[in-house]
>>> print(open('my_file-v5.txt').read())   # compact mmCIF, C-alpha atoms
# COMPACT_ATOMS: atom_id res chain seq x y z
CA MET B 1 78.58 44.29 18.33
CA ARG B 2 80.41 46.25 21.07
CA LYS B 3 78.69 47.41 24.25
CA GLN B 4 78.61 51.12 23.38
CA GLU B 5 77.39 50.55 19.86
CA LEU B 6 74.60 48.24 21.08
CA ALA B 7 73.54 50.59 23.91
CA ARG B 8 72.92 53.36 21.38
CA LEU B 9 70.24 51.19 19.73
CA ILE B 10 68.27 50.46 22.92
CA ASP B 11 65.11 52.12 24.21
CA HIS B 12 65.41 51.27 27.90
CA THR B 13 61.82 50.40 28.75
CA ALA B 14 59.43 50.10 31.69
CA LEU B 15 55.76 49.97 30.76
CA GLY B 16 52.66 48.62 32.48
CA PRO B 17 50.07 49.94 34.96
CA ALA B 18 52.30 49.92 38.04
CA VAL B 19 55.55 51.59 36.88
CA SER B 20 56.52 53.92 39.73
CA ALA B 21 58.27 57.27 39.68
CA GLY B 22 61.15 55.54 41.46
CA ARG B 23 61.49 53.02 38.66
CA VAL B 24 61.52 55.83 36.09
CA GLU B 25 64.27 57.60 38.01
CA GLU B 26 66.33 54.41 38.04
CA LEU B 27 65.72 53.90 34.32
CA CYS B 28 66.92 57.45 33.56
CA ARG B 29 70.07 56.99 35.64
CA GLU B 30 70.84 53.72 33.83
CA ALA B 31 70.13 55.28 30.44
CA ILE B 32 72.65 58.05 31.10
CA ARG B 33 75.22 55.65 32.51
CA TYR B 34 75.04 53.14 29.67
CA GLY B 35 74.30 55.55 26.82
CA PHE B 36 70.94 54.11 25.77
CA ALA B 37 69.03 55.85 22.96
CA ALA B 38 66.00 56.59 25.09
CA VAL B 39 63.93 55.63 28.08
CA CYS B 40 60.49 54.35 27.09
CA ILE B 41 58.00 55.00 29.88
CA PRO B 42 54.25 55.51 30.55
CA PRO B 43 52.75 58.86 29.45
CA THR B 44 52.04 59.96 33.04
CA HIS B 45 55.79 59.92 33.76
CA VAL B 46 56.94 62.04 30.78
CA PRO B 47 57.42 65.30 32.74
CA LEU B 48 59.58 63.50 35.33
CA ALA B 49 61.75 61.76 32.72
CA ALA B 50 62.08 64.95 30.69
CA ARG B 51 63.39 66.75 33.74
CA LEU B 52 65.86 63.98 34.61
CA LEU B 53 67.20 63.66 31.06
CA ARG B 54 67.44 67.37 30.27
CA GLU B 55 70.68 68.01 28.36
CA GLN B 56 71.69 64.37 28.63
CA GLY B 57 72.20 61.97 25.73
CA PRO B 58 69.16 59.70 26.09
CA VAL B 59 65.78 61.14 25.12
CA VAL B 60 62.29 60.53 26.46
CA CYS B 61 60.17 58.04 24.55
CA THR B 62 56.56 57.28 25.50
CA VAL B 63 53.57 55.39 24.16
CA VAL B 64 50.28 56.48 22.60
CA GLY B 65 47.09 54.44 22.35
CA PHE B 66 48.97 51.78 24.25
CA PRO B 67 48.77 48.82 24.41
CA HIS B 68 45.47 47.99 22.67
CA GLY B 69 45.44 50.67 19.95
CA HIS B 70 41.65 50.86 20.32
CA HIS B 71 41.45 54.57 21.09
CA THR B 72 39.97 56.85 18.41
CA PRO B 73 42.34 58.80 16.11
CA GLU B 74 41.29 62.04 17.83
CA VAL B 75 42.25 60.63 21.23
CA LYS B 76 45.59 59.30 19.97
CA ALA B 77 46.32 62.68 18.35
CA PHE B 78 45.44 64.51 21.54
CA GLU B 79 47.63 62.18 23.59
CA ALA B 80 50.53 62.60 21.15
CA ARG B 81 50.31 66.40 21.30
CA THR B 82 50.14 66.30 25.09
CA VAL B 83 53.18 64.08 25.60
CA GLY B 84 55.08 65.96 22.90
CA SER B 85 54.47 69.28 24.65
CA GLU B 86 55.62 67.69 27.93
CA GLY B 87 58.99 66.65 26.55
CA ALA B 88 58.61 63.30 24.78
CA ARG B 89 61.06 63.27 21.87
CA GLU B 90 59.86 59.90 20.57
CA VAL B 91 56.37 58.44 20.48
CA ASP B 92 55.49 54.78 19.97
CA MET B 93 51.85 54.49 18.91
CA VAL B 94 49.78 51.32 18.49
CA ILE B 95 47.81 51.03 15.24
CA ASN B 96 44.13 50.16 15.02
CA VAL B 97 44.83 46.42 14.90
CA ALA B 98 41.18 45.46 14.40
CA ALA B 99 40.87 47.76 11.36
CA LEU B 100 44.02 46.30 9.82
CA LYS B 101 42.75 42.76 10.30
CA GLU B 102 39.44 43.71 8.67
CA GLY B 103 41.30 45.20 5.67
CA ASP B 104 40.06 48.71 6.42
CA TYR B 105 43.29 50.30 5.19
CA ALA B 106 41.85 53.83 4.97
CA ARG B 107 41.08 53.70 8.68
CA VAL B 108 44.54 52.36 9.56
CA SER B 109 46.13 55.19 7.53
CA ALA B 110 43.96 57.93 8.95
CA ASP B 111 44.78 56.78 12.47
CA VAL B 112 48.56 56.98 11.94
CA ARG B 113 48.24 60.23 9.99
CA ALA B 114 46.28 61.83 12.83
CA VAL B 115 49.16 61.13 15.21
CA ARG B 116 51.81 62.26 12.72
CA GLU B 117 49.97 65.54 12.15
CA ALA B 118 49.61 66.10 15.89
CA LEU B 119 53.36 65.57 16.32
CA GLU B 120 54.08 68.10 13.58
CA LYS B 121 52.49 70.73 15.80
CA VAL B 122 55.07 70.07 18.53
CA ALA B 123 58.06 72.46 18.50
CA GLU B 124 60.75 69.84 17.72
CA ARG B 125 58.69 67.18 15.94
CA PRO B 126 59.05 63.91 17.91
CA VAL B 127 60.09 60.70 16.17
CA LEU B 128 57.08 58.50 15.38
CA LYS B 129 57.29 54.73 15.79
CA VAL B 130 54.30 52.71 14.71
CA ILE B 131 53.60 49.45 16.56
CA LEU B 132 51.90 46.78 14.47
CA GLU B 133 51.52 44.10 17.19
CA CYS B 134 52.78 41.32 14.92
CA ALA B 135 51.69 38.48 17.23
CA LEU B 136 48.10 39.23 16.24
CA LEU B 137 48.77 39.51 12.49
CA ASP B 138 49.46 37.18 9.58
CA ASP B 139 52.24 38.05 7.11
CA ARG B 140 49.88 39.79 4.69
CA GLU B 141 48.58 41.99 7.51
CA LYS B 142 52.12 42.74 8.73
CA THR B 143 53.14 43.80 5.22
CA ALA B 144 50.07 45.98 4.73
CA GLY B 145 50.51 47.54 8.16
CA ALA B 146 54.15 48.42 7.51
CA ILE B 147 53.38 49.95 4.11
CA LEU B 148 50.49 52.00 5.46
CA ALA B 149 52.59 53.15 8.42
CA GLN B 150 55.38 54.36 6.14
CA ALA B 151 52.92 56.13 3.85
CA ALA B 152 51.32 57.90 6.80
CA GLY B 153 54.64 59.24 8.07
CA ALA B 154 56.15 56.66 10.43
CA ASP B 155 59.85 57.09 11.19
CA PHE B 156 59.99 53.51 12.47
CA VAL B 157 57.79 50.44 12.33
CA LYS B 158 57.85 48.41 15.52
CA THR B 159 57.02 44.76 15.98
CA SER B 160 55.23 44.56 19.33
CA THR B 161 53.94 46.21 22.48
CA GLY B 162 55.33 43.53 24.77
CA PHE B 163 51.80 42.92 26.11
CA ALA B 164 50.43 40.54 23.47
CA SER B 165 50.90 36.78 23.38
CA GLY B 166 54.30 37.18 21.69
CA GLY B 167 57.06 39.71 21.09
CA ALA B 168 59.64 40.33 18.38
CA THR B 169 60.78 37.46 16.16
CA VAL B 170 63.71 37.39 13.75
CA GLU B 171 61.26 36.55 10.94
CA ASP B 172 59.07 39.57 11.64
CA VAL B 173 62.03 41.92 11.86
CA ALA B 174 63.29 40.65 8.49
CA LEU B 175 59.81 40.98 6.95
CA LEU B 176 59.45 44.57 8.18
CA ARG B 177 62.98 45.44 7.07
CA ARG B 178 62.38 44.28 3.51
CA THR B 179 58.93 45.92 3.41
CA VAL B 180 59.70 49.51 4.38
CA ALA B 181 62.11 51.92 2.69
CA ALA B 182 65.69 52.29 3.91
CA HIS B 183 64.96 55.64 5.58
CA VAL B 184 62.32 54.00 7.82
CA GLY B 185 63.68 52.27 10.89
CA VAL B 186 62.65 48.91 12.33
CA LYS B 187 62.27 48.56 16.09
CA ALA B 188 62.19 45.09 17.60
CA ALA B 189 60.50 44.88 20.99
CA GLY B 190 59.05 42.28 23.31
CA GLY B 191 60.93 39.41 24.90
CA ILE B 192 64.49 40.56 24.06
CA GLY B 193 66.29 39.48 27.20
CA ASP B 194 69.92 38.74 26.37
CA TYR B 195 72.78 39.79 24.12
CA GLU B 196 72.42 36.85 21.70
CA THR B 197 68.75 37.65 21.02
CA ALA B 198 69.51 41.34 20.63
CA ALA B 199 72.34 40.60 18.18
CA ARG B 200 70.07 38.34 16.11
CA MET B 201 67.46 41.11 15.87
CA VAL B 202 70.06 43.61 14.69
CA GLU B 203 71.39 41.10 12.17
CA ALA B 204 67.84 40.62 10.85
CA GLY B 205 67.56 44.36 10.25
CA ALA B 206 66.49 46.04 13.48
CA ASN B 207 68.06 49.43 14.10
CA ARG B 208 66.30 50.01 17.39
CA LEU B 209 65.53 47.61 20.21
CA GLY B 210 62.99 47.96 22.99
CA ALA B 211 63.98 46.13 26.16
CA SER B 212 63.57 46.23 29.91
CA ARG B 213 66.55 43.96 30.57
CA SER B 214 68.83 46.39 28.71
CA VAL B 215 71.57 46.40 31.34
CA ALA B 216 71.88 42.61 31.13
CA ILE B 217 71.80 42.76 27.32
CA VAL B 218 74.66 45.23 27.16
CA GLY B 219 76.47 43.28 29.88
CA GLY B 220 76.58 40.29 27.55
CA ALA B 221 78.14 42.22 24.67
CA PRO B 222 81.91 42.35 24.09
CA ASP B 223 83.75 45.45 25.35
CA MET Z 1 18.92 33.98 40.53
CA ARG Z 2 16.68 33.64 37.48
CA LYS Z 3 18.01 34.08 33.93
CA GLN Z 4 16.30 37.43 33.26
CA GLU Z 5 17.28 38.91 36.57
CA LEU Z 6 20.92 37.86 36.09
CA ALA Z 7 21.07 39.11 32.49
CA ARG Z 8 20.11 42.60 33.64
CA LEU Z 9 23.30 42.72 35.73
CA ILE Z 10 25.69 41.80 32.92
CA ASP Z 11 27.86 44.06 30.75
CA HIS Z 12 28.35 41.80 27.72
CA THR Z 13 32.01 42.41 26.94
CA ALA Z 14 34.54 42.11 24.12
CA LEU Z 15 37.75 44.04 24.66
CA GLY Z 16 41.28 43.70 23.30
CA PRO Z 17 43.20 44.97 20.28
CA ALA Z 18 41.56 42.72 17.67
CA VAL Z 19 37.82 43.03 18.39
CA SER Z 20 36.18 43.32 14.97
CA ALA Z 21 33.09 45.21 13.88
CA GLY Z 22 31.51 41.81 13.22
CA ARG Z 23 32.10 40.76 16.82
CA VAL Z 24 30.53 43.99 18.06
CA GLU Z 25 27.45 43.38 15.88
CA GLU Z 26 27.12 39.89 17.32
CA LEU Z 27 27.51 41.23 20.85
CA CYS Z 28 24.75 43.81 20.28
CA ARG Z 29 22.37 41.17 18.89
CA GLU Z 30 23.01 38.94 21.89
CA ALA Z 31 22.60 41.84 24.30
CA ILE Z 32 19.17 42.63 22.87
CA ARG Z 33 18.13 38.98 22.78
CA TYR Z 34 19.15 38.19 26.36
CA GLY Z 35 18.42 41.57 27.93
CA PHE Z 36 21.96 42.37 29.12
CA ALA Z 37 22.55 45.73 30.82
CA ALA Z 38 25.12 46.87 28.26
CA VAL Z 39 27.68 45.88 25.70
CA CYS Z 40 31.20 46.82 26.77
CA ILE Z 41 33.39 47.39 23.70
CA PRO Z 42 36.52 49.25 22.52
CA PRO Z 43 36.20 53.03 22.06
CA THR Z 44 36.69 52.82 18.28
CA HIS Z 45 33.45 50.79 18.00
CA VAL Z 46 31.19 53.12 20.01
CA PRO Z 47 29.46 54.74 17.00
CA LEU Z 48 28.63 51.29 15.54
CA ALA Z 49 27.25 49.93 18.82
CA ALA Z 50 25.29 53.14 19.46
CA ARG Z 51 23.62 52.77 16.06
CA LEU Z 52 22.79 49.09 16.63
CA LEU Z 53 21.40 49.61 20.13
CA ARG Z 54 19.41 52.78 19.43
CA GLU Z 55 16.06 52.55 21.24
CA GLN Z 56 16.87 49.09 22.53
CA GLY Z 57 17.22 48.08 26.19
CA PRO Z 58 20.97 47.52 26.44
CA VAL Z 59 23.21 50.57 26.41
CA VAL Z 60 26.72 51.17 25.08
CA CYS Z 61 29.54 50.92 27.59
CA THR Z 62 33.17 51.59 26.66
CA VAL Z 63 36.54 51.97 28.35
CA VAL Z 64 38.78 54.97 29.00
CA GLY Z 65 42.51 54.89 29.70
CA PHE Z 66 42.27 51.16 29.22
CA PRO Z 67 43.81 48.81 30.21
CA HIS Z 68 46.94 50.35 31.81
CA GLY Z 69 45.46 53.58 33.20
CA HIS Z 70 48.77 55.31 32.44
CA HIS Z 71 47.32 58.07 30.25
CA THR Z 72 47.32 61.61 31.67
CA PRO Z 73 44.10 62.99 33.24
CA GLU Z 74 43.72 65.36 30.27
CA VAL Z 75 43.85 62.47 27.82
CA LYS Z 76 41.38 60.39 29.82
CA ALA Z 77 39.03 63.37 30.05
CA PHE Z 78 39.29 63.99 26.32
CA GLU Z 79 38.62 60.33 25.59
CA ALA Z 80 35.62 60.31 27.95
CA ARG Z 81 34.11 63.38 26.30
CA THR Z 82 34.68 61.88 22.85
CA VAL Z 83 33.06 58.53 23.56
CA GLY Z 84 30.24 60.22 25.47
CA SER Z 85 29.44 62.44 22.50
CA GLU Z 86 29.48 59.37 20.25
CA GLY Z 87 26.85 57.54 22.26
CA ALA Z 88 28.54 55.73 25.16
CA ARG Z 89 26.10 55.74 28.09
CA GLU Z 90 28.56 54.10 30.46
CA VAL Z 91 32.31 54.58 30.78
CA ASP Z 92 34.71 52.24 32.60
CA MET Z 93 37.95 54.10 33.33
CA VAL Z 94 41.19 52.70 34.74
CA ILE Z 95 42.74 54.63 37.63
CA ASN Z 96 46.37 55.71 37.81
CA VAL Z 97 47.46 52.45 39.44
CA ALA Z 98 51.05 53.56 39.91
CA ALA Z 99 49.98 56.72 41.75
CA LEU Z 100 47.70 54.72 44.05
CA LYS Z 101 50.51 52.29 44.89
CA GLU Z 102 52.82 55.22 45.67
CA GLY Z 103 50.20 56.70 48.00
CA ASP Z 104 49.76 59.79 45.81
CA TYR Z 105 46.06 60.06 46.64
CA ALA Z 106 45.69 63.61 45.31
CA ARG Z 107 46.80 62.41 41.91
CA VAL Z 108 44.44 59.41 41.96
CA SER Z 109 41.54 61.74 42.87
CA ALA Z 110 42.36 64.37 40.28
CA ASP Z 111 42.50 61.70 37.60
CA VAL Z 112 39.02 60.33 38.38
CA ARG Z 113 37.62 63.82 38.86
CA ALA Z 114 38.90 64.89 35.44
CA VAL Z 115 36.91 62.09 33.82
CA ARG Z 116 33.82 62.74 35.92
CA GLU Z 117 33.88 66.43 34.96
CA ALA Z 118 34.31 65.56 31.29
CA LEU Z 119 31.28 63.27 31.47
CA GLU Z 120 29.22 66.04 33.06
CA LYS Z 121 29.65 67.99 29.83
CA VAL Z 122 27.93 65.20 27.86
CA ALA Z 123 24.20 65.77 27.25
CA GLU Z 124 22.95 62.76 29.26
CA ARG Z 125 25.81 62.27 31.73
CA PRO Z 126 27.17 58.73 31.25
CA VAL Z 127 27.55 56.38 34.20
CA LEU Z 128 31.15 56.29 35.49
CA LYS Z 129 32.72 53.04 36.62
CA VAL Z 130 36.20 53.23 38.10
CA ILE Z 131 38.48 50.22 37.62
CA LEU Z 132 40.99 49.68 40.42
CA GLU Z 133 42.83 46.64 38.97
CA CYS Z 134 42.75 44.74 42.24
CA ALA Z 135 45.24 42.07 41.13
CA LEU Z 136 47.97 44.71 41.37
CA LEU Z 137 46.89 46.09 44.77
CA ASP Z 138 47.04 45.05 48.40
CA ASP Z 139 43.95 45.45 50.60
CA ARG Z 140 45.01 48.85 51.89
CA GLU Z 141 45.43 50.11 48.33
CA LYS Z 142 42.07 48.62 47.26
CA THR Z 143 40.34 50.36 50.16
CA ALA Z 144 42.00 53.69 49.44
CA GLY Z 145 41.23 53.40 45.72
CA ALA Z 146 37.55 52.69 46.34
CA ILE Z 147 37.20 55.59 48.79
CA LEU Z 148 38.95 58.02 46.45
CA ALA Z 149 36.86 56.82 43.50
CA GLN Z 150 33.60 57.40 45.39
CA ALA Z 151 34.75 60.84 46.56
CA ALA Z 152 35.64 61.83 43.00
CA GLY Z 153 32.22 60.87 41.64
CA ALA Z 154 32.31 57.20 40.65
CA ASP Z 155 28.92 55.56 40.16
CA PHE Z 156 30.57 52.14 40.42
CA VAL Z 157 33.90 50.76 41.53
CA LYS Z 158 35.09 47.85 39.41
CA THR Z 159 37.55 45.14 40.35
CA SER Z 160 39.56 44.48 37.18
CA THR Z 161 40.26 45.13 33.53
CA GLY Z 162 40.48 41.46 32.61
CA PHE Z 163 44.01 42.06 31.28
CA ALA Z 164 46.05 41.83 34.49
CA SER Z 165 47.33 38.66 36.10
CA GLY Z 166 43.99 38.09 37.82
CA GLY Z 167 40.33 39.09 37.65
CA ALA Z 168 37.50 39.45 40.15
CA THR Z 169 37.59 37.53 43.42
CA VAL Z 170 34.79 37.09 45.94
CA GLU Z 171 37.04 38.63 48.60
CA ASP Z 172 37.67 41.77 46.54
CA VAL Z 173 33.99 42.21 45.73
CA ALA Z 174 33.13 41.93 49.43
CA LEU Z 175 35.90 44.39 50.36
CA LEU Z 176 34.71 46.95 47.79
CA ARG Z 177 31.07 46.46 48.82
CA ARG Z 178 31.79 47.19 52.47
CA THR Z 179 34.06 50.13 51.57
CA VAL Z 180 31.83 52.26 49.34
CA ALA Z 181 28.43 53.74 50.19
CA ALA Z 182 25.23 51.92 49.27
CA HIS Z 183 24.51 54.27 46.35
CA VAL Z 184 27.81 53.29 44.70
CA GLY Z 185 27.71 50.08 42.69
CA VAL Z 186 30.30 47.31 42.60
CA LYS Z 187 31.18 45.73 39.26
CA ALA Z 188 32.99 42.39 39.25
CA ALA Z 189 34.91 41.65 36.07
CA GLY Z 190 37.62 39.34 34.80
CA GLY Z 191 37.41 35.57 34.68
CA ILE Z 192 33.67 35.20 35.37
CA GLY Z 193 32.87 32.27 33.12
CA ASP Z 194 29.93 30.35 34.51
CA TYR Z 195 26.70 30.77 36.45
CA GLU Z 196 28.12 29.55 39.75
CA THR Z 197 30.94 32.12 39.72
CA ALA Z 198 28.52 34.87 38.69
CA ALA Z 199 26.13 33.96 41.50
CA ARG Z 200 28.97 33.99 44.06
CA MET Z 201 29.97 37.49 42.93
CA VAL Z 202 26.41 38.76 43.30
CA GLU Z 203 26.14 37.16 46.71
CA ALA Z 204 29.36 38.91 47.75
CA GLY Z 205 27.82 42.24 46.80
CA ALA Z 206 28.34 42.81 43.08
CA ASN Z 207 25.45 44.55 41.35
CA ARG Z 208 27.08 44.53 37.93
CA LEU Z 209 29.16 41.84 36.21
CA GLY Z 210 31.51 42.20 33.27
CA ALA Z 211 31.79 39.02 31.20
CA SER Z 212 32.48 37.82 27.69
CA ARG Z 213 30.94 34.40 28.30
CA SER Z 214 27.64 36.02 29.27
CA VAL Z 215 25.47 33.75 27.14
CA ALA Z 216 26.89 30.65 28.85
CA ILE Z 217 26.53 32.30 32.27
CA VAL Z 218 22.85 33.04 31.72
CA GLY Z 219 22.42 29.59 30.17
CA GLY Z 220 23.47 28.06 33.49
CA ALA Z 221 20.91 30.03 35.53
CA PRO Z 222 17.45 28.65 36.41
CA ASP Z 223 14.56 29.82 34.20
>>> encode(input="my_file-v5.txt", output="structure tokens")
Amino acid sequence: MRKQELARLIDHTALGPAVSAGRVEELCREAIRYGFAAVCIPPTHVPLAARLLREQGPVVCTVVGFPHGHHTPEVKAFEARTVGSEGAREVDMVINVAALKEGDYARVSADVRAVREALEKVAERPVLKVILECALLDDREKTAGAILAQAAGADFVKTSTGFASGGATVEDVALLRRTVAAHVGVKAAGGIGDYETAARMVEAGANRLGASRSVAIVGGAPD
Amino acid sequence: MRKQELARLIDHTALGPAVSAGRVEELCREAIRYGFAAVCIPPTHVPLAARLLREQGPVVCTVVGFPHGHHTPEVKAFEARTVGSEGAREVDMVINVAALKEGDYARVSADVRAVREALEKVAERPVLKVILECALLDDREKTAGAILAQAAGADFVKTSTGFASGGATVEDVALLRRTVAAHVGVKAAGGIGDYETAARMVEAGANRLGASRSVAIVGGAPD
């Protein structure tokens, strides 16, 4: 895959408690320069990123209920509406992992639906990516989570937050890809650090990649 | 310190994406049996814990903006009001770590104040503990964070979430204790796994401890 083509699949990401405004500025500059799909940044920095990316190619992506997914549906919905109104064009939410593992599918659904409905109230409805946190799930739970996410209105299912014990694997990407419908995307995230890994994820079915080492990844791709 | 006396200082804790309802039930039973101060559990489980602890000694503690502290003040305030109305009697919030590290003290203050004001709207105003996440801060930042937290209405300052690279240290507890006024508590959390460590934290000035291995900690104390 060529550099430009690969860059268009990448959410250039900096998450964690200590991400500074300066780091977000740098991320936005790099996103414009390399043509990444989005910058993915903490909710507190959405207004800054929205200002820096106004009328540029890359959009602002942020996270909701992140990274533990343990916030109530009302809180996730409120957060989604807030970041949407501040300029986030894409929202990556974490599911209620505990509910999924307990087989409480109604609760998992209601949680995703609450966020989807909140996003529908935003002027240009942001893209919704639903993070399953695969490192904490067995294959049955991953499958159920992906199906429930699609049913509740996910535009993408996403493997990982990057803050659990493990990130994206080729096996998980393939499982998610064969589980959801063709119109639902698969985002691989967590631990993707070089071109070879990125290419394997795309080959397995990912059509979006979350990465912090995006510049190095694209650097390894053929011109 | 005797078992009973120590137990009364402990927030018996289970946090993380996969904490089940069953684990919360177990935690509540243990809290009643040992006389812990509180159970500290994910926001989604507050109604369950509030039901199980009704008219018992231990109270329900939960977390807000946890563990990254990167949610906007409005979202943290909304979450605080929600969990307060559902029965949380204590709320451990994470500060805007990035803002503190950038020296944006007004933003750190406004964030804590938003949560404090939200809690004041709850019938019996819940106790507010403010988590600084000391592992990510230098001493100057810890001092500033503690001062700003007290000024904005914290009842306690707390060392750590338990999800950063490090947890409570004796040095940090002592620093926080000498920084805040006597009426403000200091909660040590993260990595406290045995009686000896717990006792050292109390000696350094902690008057609340967050721990998941609380039963073992109390087990190691003299009768």
>>> atom_distance(input="my_file-v5.txt", atom1="CA of Val60 in chain B", atom2="CA of Gly35 in chain B")
13.0 Å
>>> closest_residue(input="my_file-v5.txt", among="Z:Val83, Z:Leu100, Z:Leu148, Z:Val94", to="Ser160 in chain Z", atoms="only C-alpha atoms")
Z:Val94
>>> interface_residues(input="my_file-v5.txt", of="chain Z", to="chain B", cutoff="7 Å", atoms="all atoms listed in the file", output="PyMOL selection string")
chain Z and resi 16-20+42-44+68-72+75+78-79+97-98
>>> residues_around(input="my_file-v5.txt", residues="range 173-185 of chain B", least_positions_apart="4", cutoff="8 Å", atoms="only C-alpha atoms", output="ChimeraX atom specification")
/B:142-143,146-147,150,154-157,159,168-169,201,204-208
>>> atom_distance(input="my_file-v5.txt", atom1="CA of Val215 in chain Z", atom2="CA of Pro126 in chain Z")
25.4 Å
>>> atom_distance(input="my_file-v5.txt", atom1="CA of Gln56 in chain Z", atom2="CA of Ala221 in chain Z")
23.4 Å
>>> residues_around(input="my_file-v5.txt", residues="Arg89 in chain Z", least_positions_apart="3", cutoff="12 Å", atoms="all atoms listed in the file", output="tab-separated table (two decimals) with C-alpha atoms, in the coordinates of the input")
chain	number	residue	atom	x	y	z
Z	37	ALA	CA	22.55	45.73	30.82
Z	38	ALA	CA	25.12	46.87	28.26
Z	39	VAL	CA	27.68	45.88	25.70
Z	40	CYS	CA	31.20	46.82	26.77
Z	41	ILE	CA	33.39	47.39	23.70
Z	46	VAL	CA	31.19	53.12	20.01
Z	47	PRO	CA	29.46	54.74	17.00
Z	49	ALA	CA	27.25	49.93	18.82
Z	50	ALA	CA	25.29	53.14	19.46
Z	53	LEU	CA	21.40	49.61	20.13
Z	54	ARG	CA	19.41	52.78	19.43
Z	57	GLY	CA	17.22	48.08	26.19
Z	58	PRO	CA	20.97	47.52	26.44
Z	59	VAL	CA	23.21	50.57	26.41
Z	60	VAL	CA	26.72	51.17	25.08
Z	61	CYS	CA	29.54	50.92	27.59
Z	62	THR	CA	33.17	51.59	26.66
Z	63	VAL	CA	36.54	51.97	28.35
Z	80	ALA	CA	35.62	60.31	27.95
Z	81	ARG	CA	34.11	63.38	26.30
Z	82	THR	CA	34.68	61.88	22.85
Z	83	VAL	CA	33.06	58.53	23.56
Z	84	GLY	CA	30.24	60.22	25.47
Z	85	SER	CA	29.44	62.44	22.50
Z	86	GLU	CA	29.48	59.37	20.25
Z	92	ASP	CA	34.71	52.24	32.60
Z	119	LEU	CA	31.28	63.27	31.47
Z	120	GLU	CA	29.22	66.04	33.06
Z	122	VAL	CA	27.93	65.20	27.86
Z	123	ALA	CA	24.20	65.77	27.25
Z	124	GLU	CA	22.95	62.76	29.26
Z	125	ARG	CA	25.81	62.27	31.73
Z	126	PRO	CA	27.17	58.73	31.25
Z	127	VAL	CA	27.55	56.38	34.20
Z	128	LEU	CA	31.15	56.29	35.49
Z	129	LYS	CA	32.72	53.04	36.62
>>> closest_residue(input="my_file-v5.txt", among="Z:Ile217, Z:Ala7, Z:Ala14, Z:Ala198", to="Arg33 in chain Z", atoms="all atoms listed in the file")
Z:Ala7
>>> residues_around(input="my_file-v5.txt", residues="Pro222 in chain Z", least_positions_apart="5", cutoff="9 Å", atoms="all atoms listed in the file", output="PyMOL selection string")
chain Z and resi 1-3
>>> axis_aligned_box(input="my_file-v5.txt", around="range 171-182 of chain B", padding_each_side="3 Å", output="AutoDock Vina command-line options")
--center_x 62.3 --center_y 44.4 --center_z 7.3 --size_x 12.8 --size_y 21.7 --size_z 15.2
>>> build_atoms(input="my_file-v5.txt", residues="range 153-161 of chain B", atoms="N, CA, C and O atoms", output="PDB file, keeping the file's coordinate frame")
ATOM      1  N   GLY B 153      53.639  58.388   7.433  1.00  0.00           N
ATOM      2  CA  GLY B 153      54.640  59.240   8.070  1.00  0.00           C
ATOM      3  C   GLY B 153      55.378  58.632   9.243  1.00  0.00           C
ATOM      4  O   GLY B 153      55.972  59.363  10.044  1.00  0.00           O
ATOM      5  N   ALA B 154      55.394  57.301   9.348  1.00  0.00           N
ATOM      6  CA  ALA B 154      56.150  56.660  10.430  1.00  0.00           C
ATOM      7  C   ALA B 154      57.644  56.832  10.194  1.00  0.00           C
ATOM      8  O   ALA B 154      58.125  56.704   9.060  1.00  0.00           O
ATOM      9  N   ASP B 155      58.390  57.096  11.263  1.00  0.00           N
ATOM     10  CA  ASP B 155      59.850  57.090  11.190  1.00  0.00           C
ATOM     11  C   ASP B 155      60.396  55.685  11.430  1.00  0.00           C
ATOM     12  O   ASP B 155      61.475  55.349  10.950  1.00  0.00           O
ATOM     13  N   PHE B 156      59.653  54.911  12.201  1.00  0.00           N
ATOM     14  CA  PHE B 156      59.990  53.510  12.470  1.00  0.00           C
ATOM     15  C   PHE B 156      58.711  52.679  12.394  1.00  0.00           C
ATOM     16  O   PHE B 156      57.636  53.182  12.722  1.00  0.00           O
ATOM     17  N   VAL B 157      58.841  51.410  12.017  1.00  0.00           N
ATOM     18  CA  VAL B 157      57.790  50.440  12.330  1.00  0.00           C
ATOM     19  C   VAL B 157      58.336  49.548  13.441  1.00  0.00           C
ATOM     20  O   VAL B 157      59.535  49.268  13.492  1.00  0.00           O
ATOM     21  N   LYS B 158      57.436  49.130  14.307  1.00  0.00           N
ATOM     22  CA  LYS B 158      57.850  48.410  15.520  1.00  0.00           C
ATOM     23  C   LYS B 158      57.029  47.135  15.623  1.00  0.00           C
ATOM     24  O   LYS B 158      55.834  47.139  15.351  1.00  0.00           O
ATOM     25  N   THR B 159      57.675  46.067  16.032  1.00  0.00           N
ATOM     26  CA  THR B 159      57.020  44.760  15.980  1.00  0.00           C
ATOM     27  C   THR B 159      55.876  44.597  16.982  1.00  0.00           C
ATOM     28  O   THR B 159      54.828  44.060  16.643  1.00  0.00           O
ATOM     29  N   SER B 160      56.079  45.055  18.247  1.00  0.00           N
ATOM     30  CA  SER B 160      55.230  44.560  19.330  1.00  0.00           C
ATOM     31  C   SER B 160      55.136  45.543  20.492  1.00  0.00           C
ATOM     32  O   SER B 160      56.032  46.361  20.695  1.00  0.00           O
ATOM     33  N   THR B 161      54.076  45.410  21.258  1.00  0.00           N
ATOM     34  CA  THR B 161      53.940  46.210  22.480  1.00  0.00           C
ATOM     35  C   THR B 161      54.676  45.572  23.660  1.00  0.00           C
ATOM     36  O   THR B 161      54.984  46.255  24.636  1.00  0.00           O
TER      37      THR B 161
END
